[in-house]
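Asker: Below is the file my_file_13.pdb, with PDB, C-alpha atoms.
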```pdb
MODEL        1
ATOM      1  CA  MET A  11     -18.144 -98.376-156.177
ATOM      2  CA  GLU A  12     -20.673-101.087-157.101
ATOM      3  CA  SER A  13     -22.982-102.336-154.380
ATOM      4  CA  ASN A  14     -22.948-106.025-153.458
ATOM      5  CA  ASP A  15     -26.266-106.072-151.625
ATOM      6  CA  LEU A  16     -28.631-108.865-152.627
ATOM      7  CA  GLN A  17     -31.205-106.625-154.282
ATOM      8  CA  THR A  18     -28.616-104.946-156.500
ATOM      9  CA  LEU A  19     -26.987-108.265-157.474
ATOM     10  CA  TYR A  20     -30.414-109.767-158.208
ATOM     11  CA  GLN A  21     -31.500-106.850-160.364
ATOM     12  CA  LYS A  22     -28.261-106.802-162.355
ATOM     13  CA  ALA A  23     -28.406-110.558-163.009
ATOM     14  CA  ILE A  24     -32.110-110.707-163.870
ATOM     15  CA  ILE A  25     -31.851-107.805-166.319
ATOM     16  CA  PHE A  26     -28.807-109.389-167.995
ATOM     17  CA  ALA A  27     -30.576-112.772-168.223
ATOM     18  CA  ALA A  28     -33.841-111.241-169.441
ATOM     19  CA  ILE A  29     -32.078-109.417-172.266
ATOM     20  CA  LYS A  30     -30.123-112.514-173.324
ATOM     21  CA  HIS A  31     -33.029-114.982-173.230
ATOM     22  CA  HIS A  32     -35.427-112.530-174.885
ATOM     23  CA  ALA A  33     -32.937-111.833-177.690
ATOM     24  CA  ALA A  34     -32.630-115.593-178.222
ATOM     25  CA  GLY A  35     -36.423-115.786-178.520
ATOM     26  CA  GLN A  36     -36.617-118.258-175.667
ATOM     27  CA  THR A  37     -39.891-119.000-173.915
ATOM     28  CA  LEU A  38     -40.916-121.649-171.414
ATOM     29  CA  PRO A  39     -41.267-124.927-173.358
ATOM     30  CA  GLY A  40     -44.824-125.528-174.470
ATOM     31  CA  THR A  41     -45.921-121.971-173.584
ATOM     32  CA  GLU A  42     -45.606-118.385-174.710
ATOM     33  CA  LEU A  43     -44.394-117.293-171.272
ATOM     34  CA  PRO A  44     -41.041-115.531-171.188
ATOM     35  CA  TYR A  45     -38.167-117.728-170.037
ATOM     36  CA  LEU A  46     -37.623-115.250-167.232
ATOM     37  CA  VAL A  47     -40.437-117.012-165.345
ATOM     38  CA  HIS A  48     -38.237-120.113-165.010
ATOM     39  CA  LEU A  49     -35.186-118.127-163.969
ATOM     40  CA  SER A  50     -37.069-116.164-161.325
ATOM     41  CA  ASN A  51     -38.583-119.401-159.981
ATOM     42  CA  VAL A  52     -35.120-120.945-159.612
ATOM     43  CA  ALA A  53     -33.919-117.792-157.856
ATOM     44  CA  MET A  54     -36.934-117.914-155.535
ATOM     45  CA  GLU A  55     -36.062-121.500-154.567
ATOM     46  CA  ILE A  56     -32.521-120.320-153.805
ATOM     47  CA  LEU A  57     -33.702-117.357-151.734
ATOM     48  CA  ILE A  58     -35.870-119.625-149.566
ATOM     49  CA  ALA A  59     -33.153-122.287-149.340
ATOM     50  CA  GLY A  60     -30.647-119.623-148.318
ATOM     51  CA  SER A  61     -32.871-118.527-145.471
ATOM     52  CA  ASN A  62     -33.099-122.165-144.322
ATOM     53  CA  THR A  63     -29.405-123.046-144.653
ATOM     54  CA  LEU A  64     -26.436-122.122-142.484
ATOM     55  CA  ASP A  65     -23.265-120.858-144.172
ATOM     56  CA  PHE A  66     -24.966-120.345-147.538
ATOM     57  CA  ASP A  67     -23.762-117.564-149.853
ATOM     58  CA  THR A  68     -27.159-116.393-151.065
ATOM     59  CA  ASN A  69     -25.721-113.427-152.976
ATOM     60  CA  PHE A  70     -23.561-115.736-155.097
ATOM     61  CA  ALA A  71     -26.216-118.433-155.474
ATOM     62  CA  VAL A  72     -28.938-116.022-156.620
ATOM     63  CA  GLN A  73     -26.721-114.649-159.379
ATOM     64  CA  VAL A  74     -25.915-118.172-160.535
ATOM     65  CA  ALA A  75     -29.596-119.135-160.393
ATOM     66  CA  LEU A  76     -30.631-116.221-162.603
ATOM     67  CA  LEU A  77     -27.787-116.788-165.070
ATOM     68  CA  HIS A  78     -27.637-120.600-165.049
ATOM     69  CA  ASP A  79     -28.971-121.074-168.600
ATOM     70  CA  THR A  80     -27.322-118.131-170.349
ATOM     71  CA  LEU A  81     -24.382-120.130-171.725
ATOM     72  CA  GLU A  82     -26.523-123.131-172.660
ATOM     73  CA  ASP A  83     -29.467-121.339-174.252
ATOM     74  CA  THR A  84     -28.197-117.998-175.581
ATOM     75  CA  PRO A  85     -25.176-116.783-177.564
ATOM     76  CA  THR A  86     -23.643-115.391-174.344
ATOM     77  CA  THR A  87     -19.981-116.304-173.886
ATOM     78  CA  ALA A  88     -18.163-117.295-170.719
ATOM     79  CA  ALA A  89     -15.905-114.269-171.190
ATOM     80  CA  GLU A  90     -18.930-111.973-171.328
ATOM     81  CA  LEU A  91     -20.332-113.509-168.143
ATOM     82  CA  GLU A  92     -16.971-113.200-166.396
ATOM     83  CA  LEU A  93     -16.657-109.558-167.371
ATOM     84  CA  ALA A  94     -20.139-108.742-166.075
ATOM     85  CA  PHE A  95     -20.265-110.969-162.952
ATOM     86  CA  GLY A  96     -16.762-112.220-162.184
ATOM     87  CA  LYS A  97     -14.871-115.466-162.610
ATOM     88  CA  LYS A  98     -16.593-117.344-159.768
ATOM     89  CA  VAL A  99     -20.083-116.786-161.209
ATOM     90  CA  ALA A 100     -18.909-117.544-164.771
ATOM     91  CA  ASN A 101     -17.261-120.796-163.640
ATOM     92  CA  ALA A 102     -20.410-121.827-161.772
ATOM     93  CA  VAL A 103     -22.653-121.145-164.779
ATOM     94  CA  ASN A 104     -20.218-123.039-166.989
ATOM     95  CA  ALA A 105     -20.412-126.071-164.667
ATOM     96  CA  LEU A 106     -24.217-125.976-164.921
ATOM     97  CA  THR A 107     -24.048-125.856-168.731
ATOM     98  CA  LYS A 108     -24.385-129.111-170.648
ATOM     99  CA  ASN A 109     -21.541-129.799-173.099
ATOM    100  CA  ASP A 110     -23.038-129.965-176.603
ATOM    101  CA  ASN A 111     -19.990-131.871-177.870
ATOM    102  CA  LEU A 112     -21.069-134.949-175.915
ATOM    103  CA  LEU A 113     -23.696-137.537-176.740
ATOM    104  CA  LYS A 114     -27.116-136.758-175.275
ATOM    105  CA  ASN A 115     -26.903-139.612-172.741
ATOM    106  CA  GLU A 116     -23.521-138.327-171.478
ATOM    107  CA  LYS A 117     -24.402-134.656-171.016
ATOM    108  CA  MET A 118     -26.076-134.793-167.598
ATOM    109  CA  SER A 119     -23.434-137.046-166.062
ATOM    110  CA  ASP A 120     -20.688-134.734-167.299
ATOM    111  CA  SER A 121     -22.501-131.658-165.987
ATOM    112  CA  LEU A 122     -23.062-133.265-162.575
ATOM    113  CA  THR A 123     -19.369-134.157-162.383
ATOM    114  CA  ARG A 124     -18.442-130.521-163.094
ATOM    115  CA  ILE A 125     -21.080-129.206-160.658
ATOM    116  CA  LYS A 126     -19.582-131.356-157.902
ATOM    117  CA  THR A 127     -16.250-129.503-158.296
ATOM    118  CA  GLN A 128     -18.061-126.290-157.308
ATOM    119  CA  GLY A 129     -19.343-125.075-153.960
ATOM    120  CA  LYS A 130     -22.589-126.301-152.443
ATOM    121  CA  GLU A 131     -24.416-123.185-153.679
ATOM    122  CA  VAL A 132     -23.906-124.384-157.273
ATOM    123  CA  TRP A 133     -25.196-127.828-156.313
ATOM    124  CA  ALA A 134     -28.207-126.058-154.802
ATOM    125  CA  VAL A 135     -28.885-124.196-158.051
ATOM    126  CA  LYS A 136     -29.019-127.496-159.943
ATOM    127  CA  LEU A 137     -31.465-128.887-157.381
ATOM    128  CA  ALA A 138     -33.571-125.711-157.582
ATOM    129  CA  ASP A 139     -33.521-125.844-161.380
ATOM    130  CA  ARG A 140     -34.913-129.360-161.439
ATOM    131  CA  ILE A 141     -37.481-128.537-158.746
ATOM    132  CA  THR A 142     -38.895-125.776-160.937
ATOM    133  CA  ASN A 143     -38.752-127.972-164.050
ATOM    134  CA  LEU A 144     -40.902-130.673-162.459
ATOM    135  CA  GLN A 145     -44.119-128.876-163.332
ATOM    136  CA  LYS A 146     -46.707-130.235-165.740
ATOM    137  CA  PRO A 147     -44.646-131.409-168.735
ATOM    138  CA  PRO A 148     -45.280-130.034-172.230
ATOM    139  CA  ASP A 149     -48.258-131.694-173.947
ATOM    140  CA  GLN A 150     -46.069-133.015-176.744
ATOM    141  CA  TRP A 151     -43.989-135.190-174.368
ATOM    142  CA  ASP A 152     -44.879-138.874-174.514
ATOM    143  CA  SER A 153     -44.875-141.186-171.483
ATOM    144  CA  GLU A 154     -41.358-142.429-172.197
ATOM    145  CA  LYS A 155     -39.915-138.898-172.219
ATOM    146  CA  LYS A 156     -41.769-138.038-169.000
ATOM    147  CA  LEU A 157     -40.425-141.175-167.317
ATOM    148  CA  LYS A 158     -36.870-140.419-168.472
ATOM    149  CA  TYR A 159     -37.198-136.903-167.057
ATOM    150  CA  LYS A 160     -38.325-138.288-163.697
ATOM    151  CA  LEU A 161     -35.456-140.796-163.644
ATOM    152  CA  GLU A 162     -33.005-138.015-164.501
ATOM    153  CA  ALA A 163     -34.380-135.976-161.586
ATOM    154  CA  GLU A 164     -33.782-138.966-159.306
ATOM    155  CA  SER A 165     -30.187-139.237-160.573
ATOM    156  CA  ILE A 166     -29.637-135.517-159.890
ATOM    157  CA  LEU A 167     -30.984-135.954-156.368
ATOM    158  CA  ALA A 168     -28.706-138.947-155.750
ATOM    159  CA  ALA A 169     -25.613-137.317-157.260
ATOM    160  CA  LEU A 170     -26.016-134.096-155.296
ATOM    161  CA  HIS A 171     -26.981-135.688-151.995
ATOM    162  CA  GLY A 172     -25.618-133.627-149.124
ATOM    163  CA  ALA A 173     -25.819-130.362-151.030
ATOM    164  CA  ASN A 174     -28.769-128.760-149.280
ATOM    165  CA  ASP A 175     -31.225-130.570-147.009
ATOM    166  CA  TYR A 176     -34.022-128.105-147.706
ATOM    167  CA  LEU A 177     -33.782-128.366-151.514
ATOM    168  CA  GLU A 178     -33.228-132.120-151.442
ATOM    169  CA  SER A 179     -36.474-132.518-149.518
ATOM    170  CA  ARG A 180     -38.276-130.237-151.989
ATOM    171  CA  LEU A 181     -36.932-132.156-154.974
ATOM    172  CA  TYR A 182     -37.902-135.495-153.455
ATOM    173  CA  SER A 183     -41.472-134.201-153.017
ATOM    174  CA  LYS A 184     -41.585-132.773-156.544
ATOM    175  CA  ILE A 185     -40.423-136.095-158.010
ATOM    176  CA  SER A 186     -43.253-137.854-156.172
ATOM    177  CA  GLU A 187     -45.788-135.285-157.401
ATOM    178  CA  TYR A 188     -44.467-135.600-160.989
ATOM    179  CA  GLU A 189     -45.465-139.269-161.103
ATOM    180  CA  GLN A 190     -49.066-138.162-161.784
ATOM    181  CA  PHE A 191     -47.971-137.105-165.285
ATOM    182  CA  ILE A 192     -46.443-140.446-166.265
TER     183      ILE A 192
ENDMDL
END
```
Could you render the structure from this file as structure tokens?
Answerer:
Amino acid sequence: MESNDLQTLYQKAIIFAAIKHHAAGQTLPGTELPYLVHLSNVAMEILIAGSNTLDFDTNFAVQVALLHDTLEDTPTTAAELELAFGKKVANAVNALTKNDNLLKNEKMSDSLTRIKTQGKEVWAVKLADRITNLQKPPDQWDSEKKLKYKLEAESILAALHGANDYLESRLYSKISEYEQFI
């Protein structure tokens, strides 16, 4: 019988994600660092948030955090995710995945709408994702792109208000710190 302890779930998800993102040749934008750095940072945010939040399913949220970009950025299918991690995790990752059939300016709104149909742990993963993305932007981004990214972060924070006090506070601080790059 498979173990459901946090360490085992984490290791299974991070290995799956590492293989998928590596095979897709994905690195952190503007760097040669493996994309796994981003995924592990999102998972770290979730682990800390889980320890600061009552009634938070950390086991579920950590899996979603580590897998959140597999459908969007690799050839992984929803069926493959469901087979490996179950329907609940696959549905959560799907909600966090932007729909490429929509116009660019509609993608985030659509994703946020789908995220809001999920449990608060999925909302928390989106907050954690944006927290970790609000680092120094790639050098090739102009001021307009940086400003749009900040405004998008503010819209995520507003849309997911009530999801997780700890992560909302972290995201608010990160948005303020990001202003130095604009």
Asker: Name every residue that the PyMOL selection byres ((chain A and resi 138) around 12) selects in this structure, writing the answer as a PyMOL selection string with chains first and numbers rising.
Answerer: chain A and resi 48-60+71-72+74-76+78+106+131-137+139-144+163+166-167+170+173-182+184
Asker: By how many Å are atom CA of A:Asp149 and atom CA of A:Asp79 apart?
Answerer: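 Rounded to one decimal, the two atoms are 22.7 Å apart.
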Asker: Would you list the contacts of A:Asn101 as a ChimeraX atom specification, taking every protein, DNA or RNA residue within 9 Å and counting all atoms listed in the file, but skipping same-chain residues closer than 4 positions in sequence?
Answerer: /A:88,92,96-97,105-106,128
Asker: Take atom CA of A:Leu157 and atom CA of A:Gln190 and report the distance between them in Å, one decimal.
Answerer: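 That distance, rounded to one decimal, is 10.7 Å.
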Asker: What separation in Å, quoted to one decimal, exists between atom CA of A:Ala100 and atom CA of A:Ala34?
Answerer: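 Computing it gives 19.3 Å between the two atoms.
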Asker: Could you check the closest approach to A:Ile125 for each of A:Ile24, A:Ala168, A:Val103, A:Ile185 and tell me which residue wins, using all atoms listed in the file?
Answerer: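 Smallest separation from A:Ile125 among the options: A:Val103.
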Asker: Could you check which of A:Asn104, A:Lys130, A:His171, A:Met118 is closest to A:Tyr159, using all atoms listed in the file?
Answerer: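 Smallest separation from A:Tyr159 among the options: A:Met118.
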Asker: So which residues get picked by the PyMOL selection byres ((chain A and resi 32) around 12) here, written as a list in words?
Answerer: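 Output of the PyMOL selection byres ((chain A and resi 32) around 12): Ile24, Ile25, Phe26, Ala27, Ala28, Ile29, Lys30, His31, Ala33, Ala34, Gly35, Gln36, Thr37, Leu38, Glu42, Leu43, Pro44, Tyr45, Leu46, Val47, Thr80, Asp83, Thr84 and Pro85 of chain A.
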Asker: Ranking A:Leu161, A:Leu122, A:Ala94, A:Leu113 by minimum distance to A:Gln73 and counting all atoms listed in the file, which one comes first?
Answerer: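 When distances to A:Gln73 are compared using all atoms listed in the file, the smallest one comes from A:Ala94.
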Asker: With all atoms listed in the file as the basis for distance, which of A:Ile192, A:Ser186, A:Gly129, A:Glu116 is at the shortest distance from A:Asp152?
Answerer: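 Of A:Ile192, A:Ser186, A:Gly129, A:Glu116, the one nearest A:Asp152 is A:Ile192, counting all atoms listed in the file.
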Asker: Using only C-alpha atoms, which of A:Pro39, A:Lys98, A:Ser165, A:Asp67 sits nearest A:Ser119?
Answerer: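 That would be A:Ser165, the residue with the smallest distance to A:Ser119.
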